[in-house]
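Raw contents of input-v2.txt, compact mmCIF, C-alpha atoms:
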```
# COMPACT_ATOMS: atom_id res chain seq x y z
CA MET A 1 66.22 46.95 221.18
CA ASN A 2 69.23 44.82 220.40
CA LYS A 3 72.33 46.87 219.68
CA VAL A 4 74.78 44.02 219.94
CA VAL A 5 76.23 42.75 216.67
CA SER A 6 78.48 39.75 216.31
CA ASN A 7 81.56 41.38 214.81
CA ALA A 8 82.99 44.32 212.87
CA ASP A 9 81.88 43.05 209.47
CA ALA A 10 78.28 42.72 210.63
CA ALA A 11 78.47 46.13 212.27
CA LEU A 12 79.20 47.86 208.96
CA GLU A 13 75.91 46.68 207.40
CA GLY A 14 74.57 49.46 205.15
CA LEU A 15 77.85 51.27 204.71
CA ARG A 16 78.25 52.12 201.03
CA ASP A 17 80.66 53.82 198.63
CA GLY A 18 80.85 57.60 198.93
CA MET A 19 79.63 57.84 202.52
CA THR A 20 81.01 60.14 205.21
CA LEU A 21 82.59 58.50 208.24
CA MET A 22 83.89 59.79 211.54
CA VAL A 23 86.67 57.70 212.98
CA GLY A 24 87.71 58.22 216.60
CA GLY A 25 91.27 58.27 217.90
CA PHE A 26 94.26 60.55 218.37
CA GLY A 27 97.20 59.23 216.43
CA LEU A 28 96.90 55.48 216.90
CA CYS A 29 95.51 55.87 220.43
CA GLY A 30 91.85 54.92 220.79
CA ILE A 31 91.25 54.01 217.16
CA PRO A 32 88.59 51.42 216.23
CA GLU A 33 91.06 48.80 215.01
CA ASN A 34 88.51 46.09 214.25
CA LEU A 35 86.23 48.41 212.29
CA ILE A 36 89.10 49.81 210.23
CA ALA A 37 90.19 46.25 209.37
CA ALA A 38 86.61 45.45 208.35
CA LEU A 39 86.49 48.58 206.14
CA VAL A 40 89.63 47.37 204.37
CA ARG A 41 88.04 43.91 203.87
CA SER A 42 84.79 45.43 202.59
CA GLY A 43 86.58 47.31 199.80
CA VAL A 44 84.16 50.23 200.17
CA LYS A 45 85.55 53.31 198.43
CA GLY A 46 85.11 57.02 197.77
CA LEU A 47 84.88 57.64 201.51
CA THR A 48 85.06 61.00 203.24
CA CYS A 49 86.81 60.39 206.55
CA ILE A 50 86.68 62.79 209.47
CA SER A 51 89.43 61.93 211.93
CA ASN A 52 92.06 63.94 213.79
CA ASN A 53 94.89 62.06 212.08
CA ALA A 54 95.35 59.73 209.14
CA GLY A 55 97.13 56.89 210.89
CA VAL A 56 100.58 55.76 209.84
CA ASP A 57 101.50 54.10 206.55
CA ASP A 58 100.70 50.57 207.68
CA PHE A 59 98.18 51.03 210.50
CA GLY A 60 95.02 52.93 211.34
CA LEU A 61 93.46 54.94 208.52
CA GLY A 62 96.74 54.56 206.65
CA LEU A 63 95.48 51.10 205.68
CA LEU A 64 92.47 52.67 203.91
CA LEU A 65 94.65 55.31 202.25
CA LYS A 66 96.95 52.64 200.89
CA GLN A 67 93.97 50.89 199.26
CA ARG A 68 92.73 54.24 197.85
CA GLN A 69 89.42 53.88 199.67
CA ILE A 70 89.44 57.47 200.92
CA LYS A 71 88.46 60.32 198.59
CA LYS A 72 88.58 63.10 201.13
CA MET A 73 90.04 63.57 204.62
CA ILE A 74 89.01 66.13 207.20
CA ALA A 75 91.79 66.14 209.80
CA SER A 76 93.98 68.44 211.90
CA TYR A 77 97.39 66.79 211.71
CA VAL A 78 98.65 64.26 209.22
CA GLY A 79 102.40 64.47 209.75
CA GLU A 80 102.93 60.82 210.58
CA ASN A 81 101.76 59.45 207.26
CA ALA A 82 104.09 59.70 204.25
CA GLU A 83 101.56 58.12 201.87
CA PHE A 84 99.00 60.72 202.92
CA GLU A 85 101.38 63.58 202.19
CA ARG A 86 102.24 62.04 198.83
CA GLN A 87 98.56 61.64 197.79
CA LEU A 88 97.82 65.15 199.01
CA LEU A 89 100.70 66.88 197.20
CA SER A 90 99.94 64.95 194.00
CA GLY A 91 96.27 65.95 194.17
CA GLU A 92 94.91 62.38 194.40
CA LEU A 93 93.40 63.04 197.80
CA GLU A 94 91.18 65.93 198.78
CA VAL A 95 92.02 67.30 202.21
CA ASP A 96 90.38 69.78 204.52
CA LEU A 97 92.82 70.62 207.30
CA THR A 98 90.91 71.89 210.31
CA PRO A 99 92.33 73.16 213.60
CA GLN A 100 92.09 70.46 216.25
CA GLY A 101 89.84 72.37 218.64
CA THR A 102 87.59 73.45 215.78
CA LEU A 103 87.38 69.84 214.58
CA ALA A 104 86.39 68.62 218.03
CA GLU A 105 83.79 71.36 218.41
CA ARG A 106 82.36 70.82 214.92
CA CYS A 107 81.78 67.15 215.80
CA ARG A 108 80.26 68.10 219.15
CA ALA A 109 78.03 70.68 217.44
CA GLY A 110 76.91 68.08 214.89
CA GLY A 111 75.91 65.75 217.67
CA ALA A 112 74.26 68.49 219.71
CA GLY A 113 72.09 69.97 216.94
CA ILE A 114 74.05 73.24 216.67
CA PRO A 115 74.56 74.01 212.95
CA ALA A 116 77.32 76.58 213.40
CA PHE A 117 79.33 78.49 215.99
CA PHE A 118 81.91 81.26 216.16
CA THR A 119 85.51 80.61 217.22
CA PRO A 120 88.57 82.86 217.39
CA THR A 121 90.68 80.04 215.96
CA GLY A 122 92.06 80.67 212.49
CA TYR A 123 90.90 84.27 212.14
CA GLY A 124 93.11 86.02 209.58
CA THR A 125 94.53 82.74 208.25
CA GLU A 126 93.65 80.68 205.19
CA VAL A 127 91.42 78.52 207.40
CA ALA A 128 89.00 81.46 207.57
CA GLU A 129 88.94 82.13 203.83
CA GLY A 130 85.39 82.23 202.47
CA LYS A 131 83.88 81.97 205.95
CA GLU A 132 81.71 84.51 207.70
CA THR A 133 83.52 86.49 210.38
CA ARG A 134 82.00 88.61 213.09
CA GLU A 135 83.10 90.84 215.95
CA PHE A 136 82.01 90.05 219.50
CA ASP A 137 83.12 92.32 222.34
CA GLY A 138 85.93 93.77 220.25
CA LYS A 139 87.44 90.51 219.03
CA MET A 140 87.05 88.80 215.65
CA TYR A 141 85.63 85.30 215.28
CA VAL A 142 85.13 82.85 212.41
CA MET A 143 81.91 80.93 211.78
CA GLU A 144 82.42 77.18 211.57
CA HIS A 145 79.78 74.62 210.62
CA TRP A 146 78.84 71.41 212.34
CA LEU A 147 80.04 68.04 211.08
CA ARG A 148 77.84 64.98 210.90
CA ALA A 149 78.49 61.52 209.54
CA ASP A 150 76.60 58.66 207.94
CA PHE A 151 78.56 56.36 210.23
CA SER A 152 80.66 57.15 213.30
CA LEU A 153 83.18 54.49 214.28
CA VAL A 154 84.39 54.74 217.86
CA LYS A 155 86.44 52.69 220.28
CA ALA A 156 85.80 52.43 224.01
CA TRP A 157 87.34 50.42 226.82
CA LYS A 158 84.10 49.10 228.24
CA GLY A 159 80.55 49.20 226.99
CA ASP A 160 77.29 47.59 227.99
CA THR A 161 74.66 46.09 225.74
CA ASN A 162 72.65 49.35 226.03
CA GLY A 163 75.53 51.17 224.32
CA ASN A 164 76.80 53.04 227.37
CA LEU A 165 80.54 53.61 226.97
CA VAL A 166 83.54 54.17 229.21
CA TYR A 167 86.88 55.14 227.69
CA ARG A 168 90.32 54.57 229.18
CA HIS A 169 92.92 57.33 229.63
CA THR A 170 93.76 59.38 226.51
CA ALA A 171 92.07 56.82 224.26
CA ARG A 172 88.99 58.97 224.95
CA ASN A 173 90.06 61.96 222.77
CA PHE A 174 87.61 62.49 219.86
CA ASN A 175 85.53 59.35 220.47
CA PRO A 176 82.78 60.93 222.63
CA MET A 177 82.02 63.79 220.20
CA MET A 178 82.12 61.52 217.18
CA ALA A 179 79.82 59.05 218.89
CA MET A 180 77.29 61.90 219.21
CA ALA A 181 77.52 62.99 215.56
CA GLY A 182 76.88 59.75 213.69
CA ASN A 183 73.62 58.95 211.93
CA ILE A 184 74.63 55.40 212.81
CA THR A 185 77.25 55.12 215.55
CA ILE A 186 79.14 51.86 215.96
CA ALA A 187 81.18 51.28 219.10
CA GLU A 188 83.78 48.57 219.41
CA VAL A 189 84.80 47.85 222.98
CA GLU A 190 87.46 45.81 224.70
CA HIS A 191 84.96 44.52 227.25
CA LEU A 192 81.26 44.15 226.51
CA VAL A 193 79.27 43.84 229.74
CA GLN A 194 75.65 43.53 230.86
CA PRO A 195 73.48 46.51 231.93
CA GLY A 196 74.18 47.29 235.57
CA GLU A 197 77.84 46.39 235.46
CA LEU A 198 78.93 49.95 234.64
CA ASP A 199 78.52 52.67 237.26
CA PRO A 200 75.95 55.16 235.83
CA ASP A 201 77.94 58.02 237.36
CA GLN A 202 81.03 57.03 235.37
CA ILE A 203 79.52 56.70 231.88
CA HIS A 204 81.30 58.94 229.34
CA THR A 205 78.99 58.32 226.36
CA PRO A 206 75.35 57.61 227.20
CA GLY A 207 73.91 54.70 225.21
CA ILE A 208 71.41 56.87 223.31
CA PHE A 209 74.26 57.92 220.99
CA VAL A 210 75.28 54.34 220.17
CA HIS A 211 73.34 52.20 217.68
CA ARG A 212 75.54 49.13 217.32
CA ILE A 213 78.12 47.65 219.67
CA PHE A 214 80.42 44.65 219.69
CA GLN A 215 83.43 43.34 221.52
CA GLY A 216 86.55 43.76 219.42
CA GLU A 217 89.35 41.25 219.31
CA LYS A 218 93.12 41.01 218.96
CA TYR A 219 93.82 44.62 219.88
CA GLU A 220 97.29 45.56 218.74
CA LYS A 221 97.25 49.05 220.34
CA ARG A 222 100.36 50.09 218.52
CA ILE A 223 102.46 52.81 220.16
CA GLU A 224 103.72 55.54 217.81
CA GLN A 225 106.41 57.07 220.01
CA ARG A 226 107.63 54.73 222.71
CA THR A 227 109.33 57.08 225.17
CA VAL A 228 110.60 55.75 228.49
CA ARG A 229 112.96 56.68 231.29
CA GLN A 230 115.45 54.36 232.92
CA ARG A 231 115.27 53.43 236.58
CA SER A 232 118.08 55.20 238.34
CA MET B 1 127.79 80.78 222.23
CA ALA B 2 124.21 80.43 221.14
CA LEU B 3 121.94 78.52 223.54
CA ASP B 4 121.49 74.81 223.09
CA LYS B 5 118.02 73.27 223.28
CA ASN B 6 118.27 72.45 226.96
CA GLN B 7 119.42 75.95 227.83
CA MET B 8 116.47 77.34 225.90
CA ALA B 9 114.12 75.07 227.84
CA LYS B 10 115.79 76.14 231.09
CA ARG B 11 115.29 79.81 230.27
CA ILE B 12 111.60 79.26 229.49
CA ALA B 13 111.22 77.42 232.77
CA ARG B 14 112.13 80.67 234.55
CA GLU B 15 108.84 82.10 233.25
CA LEU B 16 106.87 79.49 235.20
CA GLN B 17 105.00 80.47 238.32
CA ASP B 18 103.53 78.46 241.14
CA GLY B 19 100.02 77.29 240.30
CA PHE B 20 100.38 77.70 236.53
CA TYR B 21 98.57 75.48 234.04
CA VAL B 22 100.95 75.14 231.10
CA ASN B 23 100.68 73.73 227.58
CA LEU B 24 104.01 72.75 226.05
CA GLY B 25 104.27 72.21 222.30
CA ILE B 26 106.20 69.51 220.52
CA GLY B 27 110.01 69.78 220.27
CA ILE B 28 112.07 72.16 222.44
CA PRO B 29 109.00 73.29 224.46
CA THR B 30 108.52 69.70 225.69
CA LEU B 31 111.96 69.90 227.35
CA VAL B 32 110.72 72.68 229.64
CA ALA B 33 109.06 69.96 231.73
CA ASN B 34 112.55 68.77 232.77
CA HIS B 35 113.36 72.16 234.31
CA ILE B 36 110.36 72.92 236.51
CA PRO B 37 111.89 74.27 239.73
CA PRO B 38 111.65 71.76 242.62
CA GLY B 39 108.73 72.53 244.90
CA MET B 40 106.90 74.59 242.29
CA ASP B 41 103.39 73.41 241.54
CA VAL B 42 102.98 73.47 237.76
CA THR B 43 100.28 71.44 235.99
CA LEU B 44 100.96 70.37 232.43
CA GLN B 45 98.04 70.29 230.00
CA SER B 46 98.27 68.06 226.95
CA GLU B 47 95.65 68.94 224.36
CA ASN B 48 94.75 65.34 223.59
CA GLY B 49 93.12 65.29 227.01
CA ILE B 50 95.36 65.42 230.09
CA LEU B 51 95.73 67.81 233.00
CA GLY B 52 98.56 66.72 235.24
CA MET B 53 100.80 64.97 232.75
CA GLY B 54 103.79 63.28 234.36
CA GLU B 55 107.14 61.99 233.17
CA PHE B 56 107.84 59.30 230.62
CA PRO B 57 107.01 55.82 232.00
CA TYR B 58 109.67 53.42 233.19
CA ASP B 59 110.81 50.95 230.56
CA GLY B 60 108.21 48.19 230.45
CA GLU B 61 105.44 50.28 232.00
CA GLU B 62 104.34 52.11 228.83
CA ASP B 63 100.60 52.17 228.25
CA ALA B 64 99.27 52.51 224.68
CA ASP B 65 96.18 54.28 226.06
CA LEU B 66 98.25 57.03 227.67
CA ILE B 67 100.07 59.38 225.32
CA ASN B 68 100.72 63.11 225.01
CA ALA B 69 99.91 65.37 222.07
CA GLY B 70 103.22 64.36 220.48
CA LYS B 71 102.03 60.71 220.60
CA GLN B 72 104.73 59.88 223.17
CA THR B 73 103.99 57.50 226.01
CA VAL B 74 103.64 59.43 229.29
CA THR B 75 102.35 58.95 232.84
CA LEU B 76 99.80 60.74 234.99
CA LYS B 77 100.68 62.62 238.16
CA ALA B 78 98.62 62.07 241.27
CA GLY B 79 95.53 64.23 240.94
CA ALA B 80 95.53 64.18 237.14
CA ALA B 81 92.37 64.50 235.06
CA ILE B 82 91.46 63.00 231.68
CA PHE B 83 88.92 64.54 229.31
CA ASP B 84 87.79 64.55 225.70
CA SER B 85 89.15 66.80 222.94
CA ALA B 86 86.23 69.26 223.00
CA THR B 87 86.69 69.83 226.73
CA SER B 88 90.43 70.19 226.21
CA PHE B 89 90.00 72.98 223.68
CA ALA B 90 87.33 74.60 225.84
CA MET B 91 90.11 75.08 228.41
CA ILE B 92 92.37 76.51 225.74
CA ARG B 93 89.87 78.81 224.00
CA GLY B 94 88.35 79.67 227.36
CA GLN B 95 91.75 81.08 228.40
CA LYS B 96 92.18 78.82 231.42
CA VAL B 97 95.74 77.89 230.43
CA ASP B 98 98.26 80.30 231.97
CA LEU B 99 101.22 79.77 229.64
CA THR B 100 101.58 78.30 226.16
CA VAL B 101 105.00 77.50 224.72
CA LEU B 102 105.25 76.45 221.10
CA GLY B 103 107.62 76.30 218.17
CA ALA B 104 107.32 78.14 214.85
CA MET B 105 108.80 78.38 211.37
CA GLU B 106 108.44 82.16 211.21
CA VAL B 107 107.42 85.03 213.47
CA ALA B 108 106.84 88.57 212.22
CA GLU B 109 107.42 91.94 213.88
CA ASN B 110 103.61 92.42 214.00
CA GLY B 111 103.18 89.27 216.11
CA ASP B 112 102.03 87.00 213.27
CA ILE B 113 103.17 83.37 213.43
CA ALA B 114 103.54 80.69 210.74
CA SER B 115 104.12 77.08 211.75
CA TRP B 116 102.01 74.57 209.87
CA LYS B 117 102.52 74.51 206.13
CA ILE B 118 105.07 75.04 203.37
CA PRO B 119 102.92 75.24 200.21
CA GLY B 120 103.78 72.52 197.71
CA LYS B 121 106.37 70.94 200.01
CA MET B 122 105.20 70.11 203.47
CA VAL B 123 101.66 69.79 204.72
CA LYS B 124 101.45 68.29 208.16
CA GLY B 125 98.55 70.32 209.43
CA MET B 126 98.10 72.78 212.26
CA GLY B 127 97.01 70.31 214.94
CA GLY B 128 96.09 72.36 217.99
CA ALA B 129 98.46 75.25 217.29
CA MET B 130 95.85 77.56 215.73
CA ASP B 131 93.50 77.15 218.68
CA LEU B 132 96.34 77.77 221.12
CA VAL B 133 97.63 80.96 219.50
CA ALA B 134 94.16 82.37 218.84
CA SER B 135 93.24 82.36 222.49
CA ALA B 136 96.29 82.26 224.74
CA GLN B 137 97.09 85.49 226.59
CA ASN B 138 100.58 84.39 227.42
CA ILE B 139 102.43 82.74 224.53
CA ILE B 140 106.15 82.21 224.21
CA VAL B 141 107.42 81.09 220.83
CA CYS B 142 110.57 79.04 221.23
CA MET B 143 112.59 78.42 218.07
CA MET B 144 116.01 78.70 216.46
CA HIS B 145 116.82 82.22 215.27
CA THR B 146 117.54 81.07 211.70
CA ASN B 147 116.37 78.15 209.59
CA LYS B 148 118.65 75.42 208.28
CA HIS B 149 119.55 77.61 205.28
CA GLY B 150 120.70 80.35 207.65
CA ASP B 151 117.75 82.63 206.86
CA SER B 152 116.21 84.71 209.64
CA LYS B 153 112.98 83.39 211.17
CA LEU B 154 112.26 86.80 212.77
CA LEU B 155 110.74 88.63 209.82
CA LYS B 156 109.03 91.84 208.74
CA ARG B 157 106.13 89.75 207.46
CA CYS B 158 105.64 85.99 207.46
CA SER B 159 106.07 84.42 204.03
CA LEU B 160 104.35 81.12 204.91
CA PRO B 161 100.62 80.56 205.58
CA LEU B 162 99.77 81.99 208.98
CA THR B 163 98.86 80.08 212.11
CA GLY B 164 97.69 83.21 213.91
CA VAL B 165 97.54 86.97 213.49
CA GLY B 166 99.19 89.46 215.83
CA CYS B 167 99.21 87.00 218.70
CA VAL B 168 102.88 86.52 219.64
CA LYS B 169 104.28 88.85 222.26
CA ARG B 170 107.47 87.01 223.26
CA VAL B 171 110.05 84.96 221.38
CA LEU B 172 112.99 82.98 222.73
CA THR B 173 115.62 81.96 220.20
CA ASP B 174 119.06 80.47 220.61
CA LEU B 175 120.40 84.05 220.42
CA GLY B 176 118.15 85.87 222.87
CA MET B 177 114.79 86.76 224.34
CA PHE B 178 112.63 89.27 222.47
CA ASP B 179 109.37 91.04 223.22
CA ILE B 180 107.20 92.09 220.30
CA THR B 181 106.15 95.64 221.02
CA ASP B 182 104.87 98.36 218.67
CA GLY B 183 105.76 96.40 215.55
CA ALA B 184 109.33 95.51 216.48
CA PHE B 185 111.39 92.78 218.13
CA VAL B 186 112.74 94.33 221.30
CA LEU B 187 115.87 92.53 222.48
CA LYS B 188 115.39 91.95 226.21
CA GLU B 189 118.17 89.48 226.97
CA LEU B 190 121.20 88.36 224.99
CA ALA B 191 122.39 84.74 225.12
CA PRO B 192 125.82 84.44 226.80
CA GLY B 193 128.62 85.10 224.33
CA VAL B 194 126.30 86.33 221.56
CA THR B 195 126.87 89.86 220.28
CA VAL B 196 124.27 92.47 219.38
CA ASP B 197 125.86 92.59 215.93
CA GLU B 198 125.16 88.88 215.41
CA VAL B 199 121.52 89.37 216.42
CA LYS B 200 121.25 92.36 214.07
CA ALA B 201 122.76 90.39 211.19
CA LYS B 202 120.35 87.48 211.71
CA THR B 203 117.13 89.45 212.30
CA GLU B 204 115.24 90.54 209.19
CA GLY B 205 112.37 92.21 211.06
CA ARG B 206 112.67 95.55 212.82
CA LEU B 207 114.93 95.14 215.84
CA VAL B 208 115.14 97.45 218.82
CA VAL B 209 118.18 97.20 221.06
CA VAL B 210 118.16 99.28 224.20
CA GLU B 211 121.52 100.33 225.51
CA GLY B 212 123.07 98.01 228.07
CA VAL B 213 120.90 94.99 227.23
CA LYS B 214 121.52 92.36 229.84
CA GLU B 215 123.04 88.96 229.37
CA MET B 216 120.70 86.03 229.90
CA VAL B 217 121.20 83.91 233.01
CA VAL B 218 121.01 80.22 232.09
```

Encoded form using structure tokens:
Amino acid sequence: MNKVVSNADAALEGLRDGMTLMVGGFGLCGIPENLIAALVRSGVKGLTCISNNAGVDDFGLGLLLKQRQIKKMIASYVGENAEFERQLLSGELEVDLTPQGTLAERCRAGGAGIPAFFTPTGYGTEVAEGKETREFDGKMYVMEHWLRADFSLVKAWKGDTNGNLVYRHTARNFNPMMAMAGNITIAEVEHLVQPGELDPDQIHTPGIFVHRIFQGEKYEKRIEQRTVRQRS
Amino acid sequence: MALDKNQMAKRIARELQDGFYVNLGIGIPTLVANHIPPGMDVTLQSENGILGMGEFPYDGEEDADLINAGKQTVTLKAGAAIFDSATSFAMIRGQKVDLTVLGAMEVAENGDIASWKIPGKMVKGMGGAMDLVASAQNIIVCMMHTNKHGDSKLLKRCSLPLTGVGCVKRVLTDLGMFDITDGAFVLKELAPGVTVDEVKAKTEGRLVVVEGVKEMVV
């Protein structure tokens, strides 16, 4: 079992036009920068991307949008990307806006072999249109289906060659659920280490969910909203 | 005088209680964090995966891996916890969060809220707002009383796509604090210097004003 690949381009072996991808991250925090750059280089198109956000105009998934490589987005919040809003309002891009907690749970369900679940979120709103609803203990719930992907692209802080992953701070976000829900899950990590170097008690994503892993390079880690306070 | 944003945040802060877990939405609600009474133990939840969110970092100490739900750089307080998005919304849907404060575009007298979409014009998405309003027991909507065109945001029925149905029980605007009870906005407190007539003129939904409504302390 050798999960280690040399770089992002090699990691995307087998990824073809029209596939469904999950891409980890919240805003630009914890996104797989190297894999996104490799997707742009590959020119693959007609993608369905499942990701909480759509990046900004010139970084993250925004780079794929700009090249018209994405056919459909499943996301919860896309307010930071003007090009996204333009493509959406003009009808060039198909979009399924999904509440953030529902999106996270749909990914988790996909990875956990649970085809559907009931949530109170969105009941009575357009999000629930066409979906089965049911009453439990006097409250109404909406049935939501699992999400699965041909490829899941995630970013972790550290990973070992067995695919065990550790995330850092809020760069964790959607990465663990998406790692679970990929038919092929690729992890890019800042530090690739040998088995035994990570504490088994501190693993966030067990290696069974990860099929390919590599150490990324030149992380930009762009900050969307740099907010600071002054020393008094 | 209508309340300014800081005064609104200050008034919301008076709803905090020791030991509360609180989720603050983007915009005015975020400012509530600046007015937590000294000595009170309040834990801020950020839905991207933090319990125990602290202040903004000092200049030069920002960390790209540590942001809040508004994508702003933040810090962690001692004793903070980090978790994934599914766990975060388990806390929210599981009703572990004691107080949720969020903004809105419209609120209706039946407790409906609209905050995520203007068809044909603006589509940013609902983010975590739908999950928050669907489950929270204790929600305060914090918003300006009228929109930038001067139209009332306290309506008989929401005109925009809904975020949640019948879920809002309390609204703070720059003009006053309102409870939503029996299909009406009940004026509980009036902002200093604001008249009942002004509130009446700017409220499209059914408004109930009890005699001798008190002036808000800010």

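The smallest atom-to-atom distance between Ser88 (chain B) and any of B:Glu61, B:Glu109, B:Glu55, B:Glu47, using all atoms listed in the file, is found for B:Glu47.
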
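Between chain B and the residues A:Asn164, A:Thr102, A:Asn183, A:Asn34, the shortest atom-to-atom distance, using all atoms listed in the file, involves A:Thr102.
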
Interatomic distance (Å, one decimal) between CA of Leu3 (chain B) and CA of Met122 (chain B): 27.5 Å

Nearest residue to chain A from the set B:Ile28, B:Leu160, B:Val218, B:Val168 (distances using only C-alpha atoms): B:Leu160

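If you look at CA of Ser46 (chain B) and CA of Gly24 (chain A), they are 17.8 Å away from each other.
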
Spatial neighbours of Lys202 (chain B), max dist 12 Å, all atoms listed in the file, sep filter under 6 positions, as a VMD selection string: chain B and resid 144 to 147 149 to 155 173 to 176 194 to 196

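Note that CA of Ile36 (chain B) and CA of Ala108 (chain B) are 29.1 Å apart.
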
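Distances here use all atoms listed in the file; by that measure, the residue among B:Val133, B:Ile67, B:Val186, B:Leu44 closest to Val213 (chain B) is B:Val186.
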
Polymer residues at most 8 Å from (86.5, 74.5, 217.1) by all atoms listed in the file, as number ranges by chain: A: 99-106, 119, 121, 144; B: 86, 89, 131

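Among the candidates A:Thr133, A:Asn7, A:Thr161, A:Thr227, the residue lying nearest to His211 (chain A) is A:Thr161 (atoms considered: only C-alpha atoms).
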
For Gly55 (chain A): contacts at 8 Å, only C-alpha atoms, fewer than 5 positions along chain excluded, given as a PyMOL selection string: chain A and resi 27-28+60-63+78+80-81

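Of the listed residues (A:Pro195, A:Gly14, A:Gly25, A:Gly216), A:Gly25 comes nearest to chain B; the distances count only C-alpha atoms.
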
Residues proximal to (74.4, 50.2, 216.3) were defined as those with any atom within 9 Å of that point in the file's coordinates, counting all atoms listed in the file. Which are they, as a short mmCIF file (atom, residue, chain, number, x, y, z; two decimals) with C-alpha atoms, in the frame of the given file?
```cif
data_model
loop_
_atom_site.label_atom_id
_atom_site.label_comp_id
_atom_site.auth_asym_id
_atom_site.auth_seq_id
_atom_site.Cartn_x
_atom_site.Cartn_y
_atom_site.Cartn_z
CA ASN A 2 69.23 44.82 220.40
CA LYS A 3 72.33 46.87 219.68
CA VAL A 4 74.78 44.02 219.94
CA VAL A 5 76.23 42.75 216.67
CA ALA A 11 78.47 46.13 212.27
CA GLY A 163 75.53 51.17 224.32
CA ILE A 184 74.63 55.40 212.81
CA THR A 185 77.25 55.12 215.55
CA ILE A 186 79.14 51.86 215.96
CA ALA A 187 81.18 51.28 219.10
CA VAL A 210 75.28 54.34 220.17
CA HIS A 211 73.34 52.20 217.68
CA ARG A 212 75.54 49.13 217.32
CA ILE A 213 78.12 47.65 219.67
CA PHE A 214 80.42 44.65 219.69
#
```

Long-range neighbours of Asn53 (chain A) as a ChimeraX atom specification, 12 Å cut-off, all atoms listed in the file, 2 positions minimum in chain: /A:22-31,49-51,55-57,59-62,65,73-81,84-85,95-100,103,173-174 /B:48,69,71,124-128

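Taking only C-alpha atoms, the non-local environment of Gly110 (chain A) within 7 Å (same-chain residues fewer than 2 positions away omitted) comprises Arg106, Cys107, Arg108, Ala112, Gly113, Ile114, Pro115, Trp146, Leu147, Arg148 and Ala181 of chain A.
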
Contact residues around Asn23 (chain B) with only C-alpha atoms at 12 Å, ignoring same-chain residues under 3 positions, as number ranges by chain: B: 16, 20, 26, 29-33, 42-53, 68-69, 88-89, 91-92, 95-103, 128-129, 131-133, 136, 138-140

Would you mind putting back N, CA and C atoms on region 47-58 of chain B, then writing it out as an mmCIF file, in the frame of the given file?
```
data_model
loop_
_atom_site.group_PDB
_atom_site.id
_atom_site.type_symbol
_atom_site.label_atom_id
_atom_site.label_comp_id
_atom_site.auth_asym_id
_atom_site.auth_seq_id
_atom_site.Cartn_x
_atom_site.Cartn_y
_atom_site.Cartn_z
ATOM 1 N N GLU B 47 96.942 68.647 224.984
ATOM 2 C CA GLU B 47 95.650 68.940 224.360
ATOM 3 C C GLU B 47 94.883 67.714 223.888
ATOM 4 N N ASN B 48 95.519 66.544 223.905
ATOM 5 C CA ASN B 48 94.750 65.340 223.590
ATOM 6 C C ASN B 48 93.920 64.875 224.786
ATOM 7 N N GLY B 49 94.052 65.588 225.930
ATOM 8 C CA GLY B 49 93.120 65.290 227.010
ATOM 9 C C GLY B 49 93.684 64.978 228.372
ATOM 10 N N ILE B 50 94.786 65.652 228.755
ATOM 11 C CA ILE B 50 95.360 65.420 230.090
ATOM 12 C C ILE B 50 95.597 66.750 230.805
ATOM 13 N N LEU B 51 95.237 66.788 232.068
ATOM 14 C CA LEU B 51 95.730 67.810 233.000
ATOM 15 C C LEU B 51 96.511 67.050 234.053
ATOM 16 N N GLY B 52 97.759 67.441 234.256
ATOM 17 C CA GLY B 52 98.560 66.720 235.240
ATOM 18 C C GLY B 52 99.381 65.619 234.604
ATOM 19 N N MET B 53 99.947 65.945 233.443
ATOM 20 C CA MET B 53 100.800 64.970 232.750
ATOM 21 C C MET B 53 102.111 64.809 233.514
ATOM 22 N N GLY B 54 102.543 63.554 233.651
ATOM 23 C CA GLY B 54 103.790 63.280 234.360
ATOM 24 C C GLY B 54 104.924 62.960 233.414
ATOM 25 N N GLU B 55 105.944 62.305 233.961
ATOM 26 C CA GLU B 55 107.140 61.990 233.170
ATOM 27 C C GLU B 55 106.891 60.830 232.216
ATOM 28 N N PHE B 56 107.907 60.502 231.436
ATOM 29 C CA PHE B 56 107.840 59.300 230.620
ATOM 30 C C PHE B 56 107.763 58.093 231.564
ATOM 31 N N PRO B 57 107.101 57.014 231.134
ATOM 32 C CA PRO B 57 107.010 55.820 232.000
ATOM 33 C C PRO B 57 108.354 55.107 232.081
ATOM 34 N N TYR B 58 108.499 54.290 233.134
ATOM 35 C CA TYR B 58 109.670 53.420 233.190
ATOM 36 C C TYR B 58 109.577 52.393 232.080
#
```
